[in-house]
Number of protein chains: 2
Amino acid sequence: MSKIKIINALVLTMDRRNRILNNITIMIENDKIVDISRTADDNSKQRSEKRDDIDVIDASGMIVMPGLVNCHVHTVQTLFRGVASDGLGLLPWLQEYIYPMESVMDREEVYVSSLLGYAELIRSGTTTCADMQSVRYTDKAFQAAEQIGIRATIAKSMMDHEESVPESLLEDTSDSIRESERLIKQWNNIDNGRLRCMFGPRFIQGCTTKLLKEIAEIMNVEDAGIHIHAAENLQDIENDMRRYKKRSIEILDELGIVGPKSILAHCVHLSDAEFNILSKQEANIVHCPSSNLKLASGICPVPRLLENRINVTIGADGAACNDNLDLFKDMKLAALLSRISKGSETFTTSAMDILESATKAGAKALGLSDRIGSIEVGKKADLVLVSLCNPETTPLFNIPNQLVYATDGHNVDTVIIDGKIVLKNRKLTQIKETDLISDSQSMAKRIAEKSGIDRKIVDFNS
Amino acid sequence: MSKIKIINALVLTMDRRNRILNNITIMIENDKIVDISRTADDNSKQRSEKRDDIDVIDASGMIVMPGLVNCHVHTVQTLFRGVASDGLGLLPWLQEYIYPMESVMDREEVYVSSLLGYAELIRSGTTTCADMQSVRYTDKAFQAAEQIGIRATIAKSMMDHEESVPESLLEDTSDSIRESERLIKQWNNIDNGRLRCMFGPRFIQGCTTKLLKEIAEIMNVEDAGIHIHAAENLQDIENDMRRYKKRSIEILDELGIVGPKSILAHCVHLSDAEFNILSKQEANIVHCPSSNLKLASGICPVPRLLENRINVTIGADGAACNDNLDLFKDMKLAALLSRISKGSETFTTSAMDILESATKAGAKALGLSDRIGSIEVGKKADLVLVSLCNPETTPLFNIPNQLVYATDGHNVDTVIIDGKIVLKNRKLTQIKETDLISDSQSMAKRIAEKSGIDRKIVDFNS
């Protein structure tokens with residue numbers, strides 16, 4: 001049995017009362033938190049060291065919080081970071097850069113790109129992610145997640161609509177469903193439930209009506225949800241309207257896709273009717289503020305969604321459009337943007353609201369509320385230790401404010417997922433980071449060359 | 001003579017052509033860059049070490065860029081970080097938190113608060129700042145800047161308008177001017193020109209017409225500019241309109257305050273006539289995106305300012321409203337916000353535009369274009385070495401994109417200001433950081449107690 005004892009901790013529980021507890025010992029056995037109590041005085045003299053069969057971690061000067069839940073990321077695009085320069089909107093960005101690069105990736109490149117993404121996520125305090133891969137080689141993403149130790153719910157992209165999907169990524173409807181079902185059979189609830197699998201119809205535009213309908217039917221019987229992009233961009237919504245004479249959320253609702261088992265990424269542009277649908281169907285929304293600004297999509301109306309008691313989670317989206325997967329940064333941006341989306345000072349999203357979005361709300365969206373999202377006895381040990389002894393986090397008056405506005409992922413010192421220490425003193429324990437960086441650089445170059453994107457990249461070097 | 005030799009550098013020059021040069025050696029003698037050349041092959045084997053009288057820095061895996069110029073910060077408020085929780089607009093925030101805390105600060109607290117701010121600035125790559133202090137003890141800020149090695153243009157706040165300034169901070173007009181002139185005499189161009197002094201009429205509301213007029217007259221003969229807040233918030237502008245029957249920039253222009261020697265912080269809400277004034281008078285604007293969102297002020301219309309060829313710089317503002325002084329983060333936010341402020345995809349501010357704002361434009365605003373803002377022979381050695389060998393900065397396709405969107409101040413490894421290494425391997429060389437952090441924490445608590453603000457701070461601890 002593996003045991004970890006965290007002592008002298010200042011703990012942000014994110015339990016029902018969002019409590020902050022001082023001078024706490026957290027006992028972890030195997031994958032679970034088994035005890036939370038005051039640190040005994042004699043314990044406070046213990047230092048971080050391996051003692052017998054217990055790993056003792058002295059959390060003095062740090063806050064211990066639940067690991068962050070990033071509900072929308074594309075780690076398959078991590079190797080595309082920075083290729084598409086400024087000023088492109090969603091659809092040209094997809095057509096001119098992302099599809100061509102995804103098309104040419106081989107198994108090994110999918111593996112390394114995903115591993116690089118997971119490495120960045122863990123290093124910045126994310127312990128769980130909902131990851132949408134490309135159409136092929138999704139097993140390699142599961143293998144990468146398995147190796148590095150992240151909790152991940154992964155979906156293969158499903159795209160069978162020949163009018164808008166390039167030949168190189170187009171799938172046959174039944175092949176797409178068969179492959180998704182195989183992945184679910186092979187990977188769902190693997191590794192003590194740490195790995196899970198979802199259906200990933202990419203967005204309305206990329207899918208036939210038949211595909212979306214069939215997925216909705218299968219979802220009702222399978223223990224697997226749906227991860228989809230929705231109402232991200234005005235052009236995208238216009239295309240949906242042209243095809244169905246309805247707005248995007250209305251279409252998805254009629255097809256049976258909107259509900260508590262689905263996560264809808266973006267939802268930037270919504271009609272009143274669509275707010276009602278999201279509320280009634282207990283939908284889960286993923287707010288991706290950096291991505292939505294970088295691709296000029298707009299701003300998700302988070303304050304209004306929260307007023308309507310809709311479950312709002314946060315996502316970093318991919319490195320090709322963010323270009324940074326640190327969810328602390330998107331928490332800050334989400335908090336700041338909430339102050340302009342209603343154009344007044346009367347309603348703003350508090351720092352604690354944002355912390356809820358990035359922990360409990362994410363857990364709920366992924367059907368993992370009983371396991372993760374808070375620090376409580378009986379829950380999984382998915383914890384992050386954040387250093388507070390830095391000039392930029394001093395003085396310490398208000399912990400939620402500090403975590404959302406002053407801290408970023410670089411202040412994360414230690415990460416525990418499923419009871420295993422996967423980051424210690426900022427070093428990943430399960431992989432060799434230097435090898436990952438050099439492999440990533442050479443593979444990124446290879447993908448750019450194979451896809452012809454290298455000719456589009458501005459060469460600033462002289 | 002002190003000499004530093006940086007070898008194997010990838011250099012972003014920010015010179016006239018914003019070049020990126022590979023495999024470069026930069027020679028520094030005393031405070032200046034004396035040579036930029038290709039690194040000789042035999043040099044590439046050298047490692048970072050002190051050799052004879054030369055400090056050799058191996059910049060492999062890093063980019064060398066000009067130090068960032070933060071044109072609007074209040075380091076006197078660094079000890080207030082996080083006190084004012086979410087949801088307050090500018091004026092109540094000032095009246096209820098900032099003024100009461102500034103009022104009770106003693107000399108030592110001003111010193112430590114400023115030192116903490118400068119420490120954070122240096123650690124995140126800022127080499128020059130324009131710092132607006134409170135009304136008292138501004139000498140202590142100069143002493144802190146002198147000690148830690150930052151390049152700083154510091155202004156004492158000037159506030160003599162009894163209708164809106166609390167008694168505890170109110171000054172007599174001529175005393176305020178006399179004190180500012182004494183500071184200029186004592187500190188302007190001290191320490192090889194590294195320290196400079198400005199006039200700091202805080203904002204229209206806090207000043208009498210007489211004060212603003214007299215400052216404008218003195219500025220014409222003195223080698224000192226003006227640092228002022230302007231057109232930050234709708235309520236603030238309404239107050240100006242009520243008093244003068246004119247808009248804020250129009251008022252300042254008539255009083256002779258708008259011009260190339262002044263820096264105008266914020267400028268969030270501008271009329272067409274005000275755009276014209278700013279353009280005609282060659283004004284310098286400081287865009288403070290985090291602060292403007294946190295205090296629900298709005299968004300500075302940067303794309304339109306740039307189209308009008310107005311000099312736009314960037315500021316982090318104070319830790320009491322940002323709450324982080326890392327200018328890399330405000331660069332990213334500025335870039336992202338430029339995509340919504342015009343509501344279309346047709347004009348966006350490029351990553352290189354943003355880098356210009358944070359280097360060259362800042363240098364120009366502070367009258368330091370001949371000395372800083374770019375890496376060129378003959379200029380001051382104000383340089384930042386940023387590590388690129390991290391998961392979050394891999395792969396490296398596009399350097400400006402990477403610096404603005406993927407990097408943050410934590411990736412800064414080494415900082416050189418005026419030819420002196422002030423940060424090395426992320427350690428400040430001129431002060432002891434642990435002492436600074438503990439002094440800051442205790443003094444912040446003391447200020448909160450003295451001002452009664454401690455009773456307003458939500459206590460989350462249980």
# chains A, B, ... in the order shown; residues from 1 in each chain; ligands from 1

call {"tool": "interface_residues", "arguments": {"of": "chain A", "to": "chain B", "cutoff": "7 Å", "atoms": "only C-alpha atoms", "output": "MDAnalysis selection string"}}
result
chainID A and resid 19:22 79 81:83 85:87 89 116 119:120 293:294 296 298 323:324 336:337 339:340 345 348 350 391:392 394:395 397:398 401:402 405:406 410 437 440:441 444 460:462

call {"tool": "residues_around", "arguments": {"residues": "segment 358-367 of chain B", "least_positions_apart": "6", "cutoff": "10 Å", "atoms": "only C-alpha atoms", "output": "PyMOL selection string"}}
result
chain B and resi 14-16+65-72+126-130+152-153+196+198+223-227+259-264+282-286+310-315+327-328+330-331+352+373-374

call {"tool": "write_last_selection", "arguments": {"atoms": "N, CA and C atoms", "output": "compact mmCIF listing (two decimals), in the first residue's frame"}}
result
# COMPACT_ATOMS: atom_id res chain seq x y z
N MET B 14 14.53 44.36 -31.47
CA MET B 14 13.60 45.50 -31.36
C MET B 14 14.27 46.80 -31.85
N ASP B 15 15.24 46.66 -32.74
CA ASP B 15 15.79 47.85 -33.40
C ASP B 15 14.82 48.26 -34.51
N ARG B 16 15.25 49.13 -35.41
CA ARG B 16 14.30 49.65 -36.38
C ARG B 16 13.58 48.53 -37.15
N MET B 65 16.31 39.58 -25.12
CA MET B 65 15.45 40.67 -25.63
C MET B 65 15.66 41.92 -24.78
N PRO B 66 15.23 43.08 -25.29
CA PRO B 66 15.35 44.29 -24.48
C PRO B 66 14.49 44.14 -23.23
N GLY B 67 14.93 44.67 -22.12
CA GLY B 67 14.11 44.66 -20.91
C GLY B 67 12.79 45.36 -21.17
N LEU B 68 11.74 44.89 -20.50
CA LEU B 68 10.42 45.48 -20.69
C LEU B 68 10.32 46.82 -19.95
N VAL B 69 9.51 47.71 -20.51
CA VAL B 69 9.29 49.03 -19.93
C VAL B 69 7.83 49.10 -19.48
N ASN B 70 7.64 49.17 -18.18
CA ASN B 70 6.29 49.22 -17.59
C ASN B 70 5.99 50.68 -17.27
N CYS B 71 5.09 51.28 -18.04
CA CYS B 71 4.92 52.74 -17.94
C CYS B 71 3.91 53.21 -16.91
N HIS B 72 3.31 52.31 -16.16
CA HIS B 72 2.39 52.77 -15.11
C HIS B 72 2.29 51.73 -14.01
N THR B 126 10.87 43.13 -16.27
CA THR B 126 10.78 44.58 -16.45
C THR B 126 12.08 45.21 -15.96
N THR B 127 12.70 46.01 -16.81
CA THR B 127 13.95 46.66 -16.42
C THR B 127 13.75 48.15 -16.14
N THR B 128 12.66 48.71 -16.68
CA THR B 128 12.36 50.14 -16.47
C THR B 128 10.90 50.30 -16.08
N CYS B 129 10.66 51.15 -15.09
CA CYS B 129 9.25 51.42 -14.76
C CYS B 129 9.03 52.91 -14.52
N ALA B 130 7.79 53.32 -14.79
CA ALA B 130 7.34 54.66 -14.40
C ALA B 130 6.42 54.43 -13.20
N ALA B 152 14.24 53.40 -12.96
CA ALA B 152 12.91 53.87 -12.56
C ALA B 152 12.78 55.37 -12.73
N THR B 153 11.62 55.77 -13.26
CA THR B 153 11.23 57.18 -13.31
C THR B 153 10.07 57.31 -12.33
N ARG B 196 15.23 58.59 -12.37
CA ARG B 196 14.72 59.87 -12.84
C ARG B 196 13.44 60.23 -12.08
N MET B 198 9.68 62.53 -11.99
CA MET B 198 8.62 63.21 -12.75
C MET B 198 7.68 63.92 -11.80
N ASP B 223 13.82 69.54 -16.91
CA ASP B 223 14.02 68.27 -17.60
C ASP B 223 13.23 67.17 -16.87
N ALA B 224 11.93 67.37 -16.78
CA ALA B 224 11.10 66.38 -16.09
C ALA B 224 9.71 66.39 -16.69
N GLY B 225 9.13 65.20 -16.87
CA GLY B 225 7.80 65.10 -17.46
C GLY B 225 6.71 64.98 -16.41
N ILE B 226 5.54 64.55 -16.88
CA ILE B 226 4.37 64.42 -16.01
C ILE B 226 3.78 63.01 -16.14
N HIS B 227 3.41 62.45 -15.03
CA HIS B 227 2.75 61.14 -14.99
C HIS B 227 1.38 61.36 -14.35
N GLY B 259 1.13 66.15 -23.98
CA GLY B 259 2.24 66.38 -24.90
C GLY B 259 3.26 65.28 -24.81
N PRO B 260 4.34 65.37 -25.57
CA PRO B 260 5.32 64.28 -25.61
C PRO B 260 6.05 64.04 -24.29
N LYS B 261 6.02 65.01 -23.38
CA LYS B 261 6.69 64.81 -22.09
C LYS B 261 5.77 64.23 -21.01
N SER B 262 4.49 64.00 -21.35
CA SER B 262 3.55 63.46 -20.36
C SER B 262 3.21 62.02 -20.68
N ILE B 263 2.97 61.24 -19.63
CA ILE B 263 2.39 59.92 -19.85
C ILE B 263 1.01 59.88 -19.19
N LEU B 264 0.02 59.51 -20.04
CA LEU B 264 -1.38 59.50 -19.62
C LEU B 264 -1.81 58.06 -19.40
N GLU B 282 1.03 64.52 -29.82
CA GLU B 282 2.05 63.46 -29.66
C GLU B 282 2.07 62.91 -28.24
N ALA B 283 0.87 62.58 -27.77
CA ALA B 283 0.74 62.09 -26.40
C ALA B 283 1.25 60.65 -26.26
N ASN B 284 1.56 60.27 -25.04
CA ASN B 284 1.91 58.90 -24.71
C ASN B 284 0.82 58.31 -23.82
N ILE B 285 0.25 57.17 -24.27
CA ILE B 285 -0.85 56.52 -23.55
C ILE B 285 -0.30 55.28 -22.86
N VAL B 286 -0.76 55.01 -21.65
CA VAL B 286 -0.41 53.73 -21.02
C VAL B 286 -1.65 52.85 -20.93
N ILE B 310 -0.72 57.04 -32.42
CA ILE B 310 -0.49 57.54 -31.06
C ILE B 310 0.40 56.53 -30.34
N ASN B 311 1.34 57.01 -29.54
CA ASN B 311 2.29 56.12 -28.86
C ASN B 311 1.62 55.39 -27.70
N VAL B 312 1.40 54.08 -27.88
CA VAL B 312 0.73 53.28 -26.85
C VAL B 312 1.75 52.41 -26.12
N THR B 313 1.84 52.59 -24.82
CA THR B 313 2.74 51.78 -23.99
C THR B 313 1.88 50.87 -23.10
N ILE B 314 2.53 50.02 -22.30
CA ILE B 314 1.78 49.11 -21.45
C ILE B 314 2.16 49.31 -19.99
N GLY B 315 1.18 49.16 -19.10
CA GLY B 315 1.44 49.26 -17.68
C GLY B 315 0.73 48.15 -16.92
N LEU B 327 4.63 41.96 -16.69
CA LEU B 327 4.19 42.62 -17.92
C LEU B 327 3.99 41.65 -19.08
N PHE B 328 4.62 40.47 -19.02
CA PHE B 328 4.33 39.46 -20.05
C PHE B 328 2.84 39.14 -20.05
N ASP B 330 0.35 41.11 -19.07
CA ASP B 330 -0.43 42.21 -19.64
C ASP B 330 -0.19 42.36 -21.14
N MET B 331 0.98 41.91 -21.61
CA MET B 331 1.19 41.90 -23.06
C MET B 331 0.20 40.93 -23.70
N MET B 352 4.08 41.43 -32.60
CA MET B 352 5.21 42.37 -32.68
C MET B 352 4.78 43.78 -32.28
N GLY B 373 15.20 50.33 -24.85
CA GLY B 373 14.08 49.93 -25.70
C GLY B 373 14.47 48.99 -26.83
N SER B 374 15.78 48.87 -27.09
CA SER B 374 16.23 47.96 -28.14
C SER B 374 17.65 47.50 -27.83

call {"tool": "select_by_dssp", "arguments": {"residues": "segment 156-360 of chain B", "states": "strand (DSSP E or B)", "output": "ChimeraX atom specification"}}
result
/B:156-158,190,195-201,226-230,262-266,284-287,311-314

call {"tool": "write_last_selection", "arguments": {"atoms": "N, CA and C atoms", "output": "tab-separated table (two decimals), in the first residue's frame"}}
result
chain	number	residue	atom	x	y	z
B	156	LYS	N	6.18	61.52	-7.29
B	156	LYS	CA	5.38	61.68	-6.08
B	156	LYS	C	3.95	62.04	-6.50
B	157	SER	N	2.94	61.42	-5.89
B	157	SER	CA	1.55	61.85	-6.15
B	157	SER	C	1.38	63.27	-5.66
B	158	MET	N	0.65	64.09	-6.40
B	158	MET	CA	0.34	65.45	-5.99
B	158	MET	C	-1.18	65.56	-5.90
B	190	ILE	N	20.08	60.68	-11.29
B	190	ILE	CA	21.03	60.12	-10.33
B	190	ILE	C	21.41	58.71	-10.75
B	195	LEU	N	18.09	56.57	-12.28
B	195	LEU	CA	16.91	57.09	-11.56
B	195	LEU	C	16.51	58.44	-12.14
B	196	ARG	N	15.23	58.59	-12.37
B	196	ARG	CA	14.72	59.87	-12.84
B	196	ARG	C	13.44	60.23	-12.08
B	197	CYS	N	13.07	61.47	-12.17
B	197	CYS	CA	11.94	61.94	-11.37
B	197	CYS	C	10.95	62.70	-12.27
B	198	MET	N	9.68	62.53	-11.99
B	198	MET	CA	8.62	63.21	-12.75
B	198	MET	C	7.68	63.92	-11.80
B	199	PHE	N	6.87	64.81	-12.35
B	199	PHE	CA	5.74	65.35	-11.61
B	199	PHE	C	4.59	64.33	-11.66
B	200	GLY	N	3.85	64.22	-10.56
B	200	GLY	CA	2.78	63.22	-10.51
B	200	GLY	C	1.43	63.73	-10.06
B	201	PRO	N	0.85	64.74	-10.74
B	201	PRO	CA	-0.52	65.13	-10.38
B	201	PRO	C	-1.41	63.90	-10.58
B	226	ILE	N	5.54	64.55	-16.88
B	226	ILE	CA	4.37	64.42	-16.01
B	226	ILE	C	3.78	63.01	-16.14
B	227	HIS	N	3.41	62.45	-15.03
B	227	HIS	CA	2.75	61.14	-14.99
B	227	HIS	C	1.38	61.36	-14.35
B	228	ILE	N	0.32	61.06	-15.09
B	228	ILE	CA	-1.04	61.35	-14.60
B	228	ILE	C	-2.03	60.29	-15.07
B	229	HIS	N	-3.07	60.03	-14.27
B	229	HIS	CA	-4.18	59.17	-14.71
B	229	HIS	C	-5.14	60.02	-15.53
B	230	ALA	N	-5.72	59.44	-16.59
B	230	ALA	CA	-6.64	60.22	-17.41
B	230	ALA	C	-7.69	59.35	-18.07
B	262	SER	N	4.49	64.00	-21.35
B	262	SER	CA	3.55	63.46	-20.36
B	262	SER	C	3.21	62.02	-20.68
B	263	ILE	N	2.97	61.24	-19.63
B	263	ILE	CA	2.39	59.92	-19.85
B	263	ILE	C	1.01	59.88	-19.19
B	264	LEU	N	0.02	59.51	-20.04
B	264	LEU	CA	-1.38	59.50	-19.62
B	264	LEU	C	-1.81	58.06	-19.40
B	265	ALA	N	-2.01	57.69	-18.15
B	265	ALA	CA	-2.37	56.31	-17.84
B	265	ALA	C	-3.85	56.07	-18.10
B	266	HIS	N	-4.16	54.97	-18.77
B	266	HIS	CA	-5.51	54.43	-19.02
B	266	HIS	C	-6.17	54.91	-20.31
B	284	ASN	N	1.56	60.27	-25.04
B	284	ASN	CA	1.91	58.90	-24.71
B	284	ASN	C	0.82	58.31	-23.82
B	285	ILE	N	0.25	57.17	-24.27
B	285	ILE	CA	-0.85	56.52	-23.55
B	285	ILE	C	-0.30	55.28	-22.86
B	286	VAL	N	-0.76	55.01	-21.65
B	286	VAL	CA	-0.41	53.73	-21.02
B	286	VAL	C	-1.65	52.85	-20.93
B	287	HIS	N	-1.61	51.76	-21.66
B	287	HIS	CA	-2.68	50.77	-21.66
B	287	HIS	C	-2.45	49.82	-20.48
B	311	ASN	N	1.34	57.01	-29.54
B	311	ASN	CA	2.29	56.12	-28.86
B	311	ASN	C	1.62	55.39	-27.70
B	312	VAL	N	1.40	54.08	-27.88
B	312	VAL	CA	0.73	53.28	-26.85
B	312	VAL	C	1.75	52.41	-26.12
B	313	THR	N	1.84	52.59	-24.82
B	313	THR	CA	2.74	51.78	-23.99
B	313	THR	C	1.88	50.87	-23.10
B	314	ILE	N	2.53	50.02	-22.30
B	314	ILE	CA	1.78	49.11	-21.45
B	314	ILE	C	2.16	49.31	-19.99

call {"tool": "residues_around", "arguments": {"residues": "Glu167 of chain A", "least_positions_apart": "5", "cutoff": "12 Å", "atoms": "only C-alpha atoms", "output": "ChimeraX atom specification"}}
result
/A:95,99-100,103,159-162,172,206

call {"tool": "atom_distance", "arguments": {"atom1": "atom CA of Ile177 of chain A", "atom2": "atom CA of Val76 of chain A"}}
result
20.1 Å

call {"tool": "select_by_dssp", "arguments": {"residues": "segment 246-384 of chain A", "states": "alpha helix (DSSP H)", "output": "ChimeraX atom specification"}}
result
/A:248-254,272-280,289-294,302-307,327-337,351-357,360-365

call {"tool": "residues_around", "arguments": {"residues": "segment 234-241 of chain A", "least_positions_apart": "5", "cutoff": "7 Å", "atoms": "only C-alpha atoms", "output": "list in words"}}
result
Ile204, Gln205, Lys246, Arg247 and Ser248 of chain A

call {"tool": "write_last_selection", "arguments": {"atoms": "C-alpha atoms", "output": "PDB file, in the first residue's frame"}}
result
ATOM      1  CA  ILE A 204     -22.074  20.317 -36.245  1.00  0.00           C
ATOM      2  CA  GLN A 205     -20.358  21.398 -39.428  1.00  0.00           C
ATOM      3  CA  LYS A 246     -31.993  26.709 -36.687  1.00  0.00           C
ATOM      4  CA  ARG A 247     -29.353  27.900 -34.258  1.00  0.00           C
ATOM      5  CA  SER A 248     -26.563  25.554 -33.150  1.00  0.00           C
TER       6      SER A 248
END

call {"tool": "decode", "arguments": {"residues": "segment 391-410 of chain A", "atoms": "N, CA and C atoms", "output": "compact mmCIF listing (two decimals), in the first residue's frame"}}
result
# COMPACT_ATOMS: atom_id res chain seq x y z
N PRO A 391 7.70 36.89 -4.23
CA PRO A 391 7.32 38.30 -4.23
C PRO A 391 5.93 38.52 -4.83
N GLU A 392 5.62 37.81 -5.92
CA GLU A 392 4.35 38.08 -6.62
C GLU A 392 3.13 37.54 -5.89
N THR A 393 3.33 36.75 -4.84
CA THR A 393 2.18 36.26 -4.07
C THR A 393 2.22 36.78 -2.63
N THR A 394 2.96 37.86 -2.42
CA THR A 394 3.09 38.48 -1.10
C THR A 394 2.53 39.89 -1.16
N PRO A 395 1.81 40.38 -0.14
CA PRO A 395 1.39 39.66 1.06
C PRO A 395 0.20 38.76 0.77
N LEU A 396 -0.16 37.95 1.76
CA LEU A 396 -1.29 37.05 1.60
C LEU A 396 -2.46 37.54 2.46
N PHE A 397 -3.39 38.25 1.81
CA PHE A 397 -4.58 38.74 2.51
C PHE A 397 -5.79 37.86 2.22
N ASN A 398 -5.92 37.48 0.95
CA ASN A 398 -7.16 36.89 0.47
C ASN A 398 -6.81 35.74 -0.46
N ILE A 399 -6.98 34.51 0.01
CA ILE A 399 -6.48 33.35 -0.73
C ILE A 399 -7.16 33.15 -2.08
N PRO A 400 -8.50 33.19 -2.18
CA PRO A 400 -9.11 33.01 -3.51
C PRO A 400 -8.64 34.09 -4.50
N ASN A 401 -8.58 35.34 -4.03
CA ASN A 401 -8.09 36.42 -4.88
C ASN A 401 -6.67 36.13 -5.36
N GLN A 402 -5.83 35.70 -4.43
CA GLN A 402 -4.43 35.42 -4.75
C GLN A 402 -4.30 34.31 -5.79
N LEU A 403 -5.07 33.23 -5.60
CA LEU A 403 -4.97 32.09 -6.52
C LEU A 403 -5.44 32.47 -7.92
N VAL A 404 -6.50 33.26 -8.00
CA VAL A 404 -7.06 33.58 -9.31
C VAL A 404 -6.28 34.70 -10.00
N TYR A 405 -5.90 35.74 -9.25
CA TYR A 405 -5.34 36.93 -9.89
C TYR A 405 -3.82 37.04 -9.81
N ALA A 406 -3.19 36.48 -8.77
CA ALA A 406 -1.75 36.73 -8.60
C ALA A 406 -0.89 35.53 -8.98
N THR A 407 -1.46 34.34 -8.88
CA THR A 407 -0.69 33.11 -9.07
C THR A 407 -0.75 32.66 -10.52
N ASP A 408 0.22 31.89 -10.98
CA ASP A 408 0.03 31.14 -12.21
C ASP A 408 0.63 29.75 -12.04
N GLY A 409 0.52 28.96 -13.08
CA GLY A 409 0.93 27.57 -12.98
C GLY A 409 2.38 27.37 -12.59
N HIS A 410 3.22 28.39 -12.81
CA HIS A 410 4.63 28.25 -12.42
C HIS A 410 4.80 28.23 -10.90
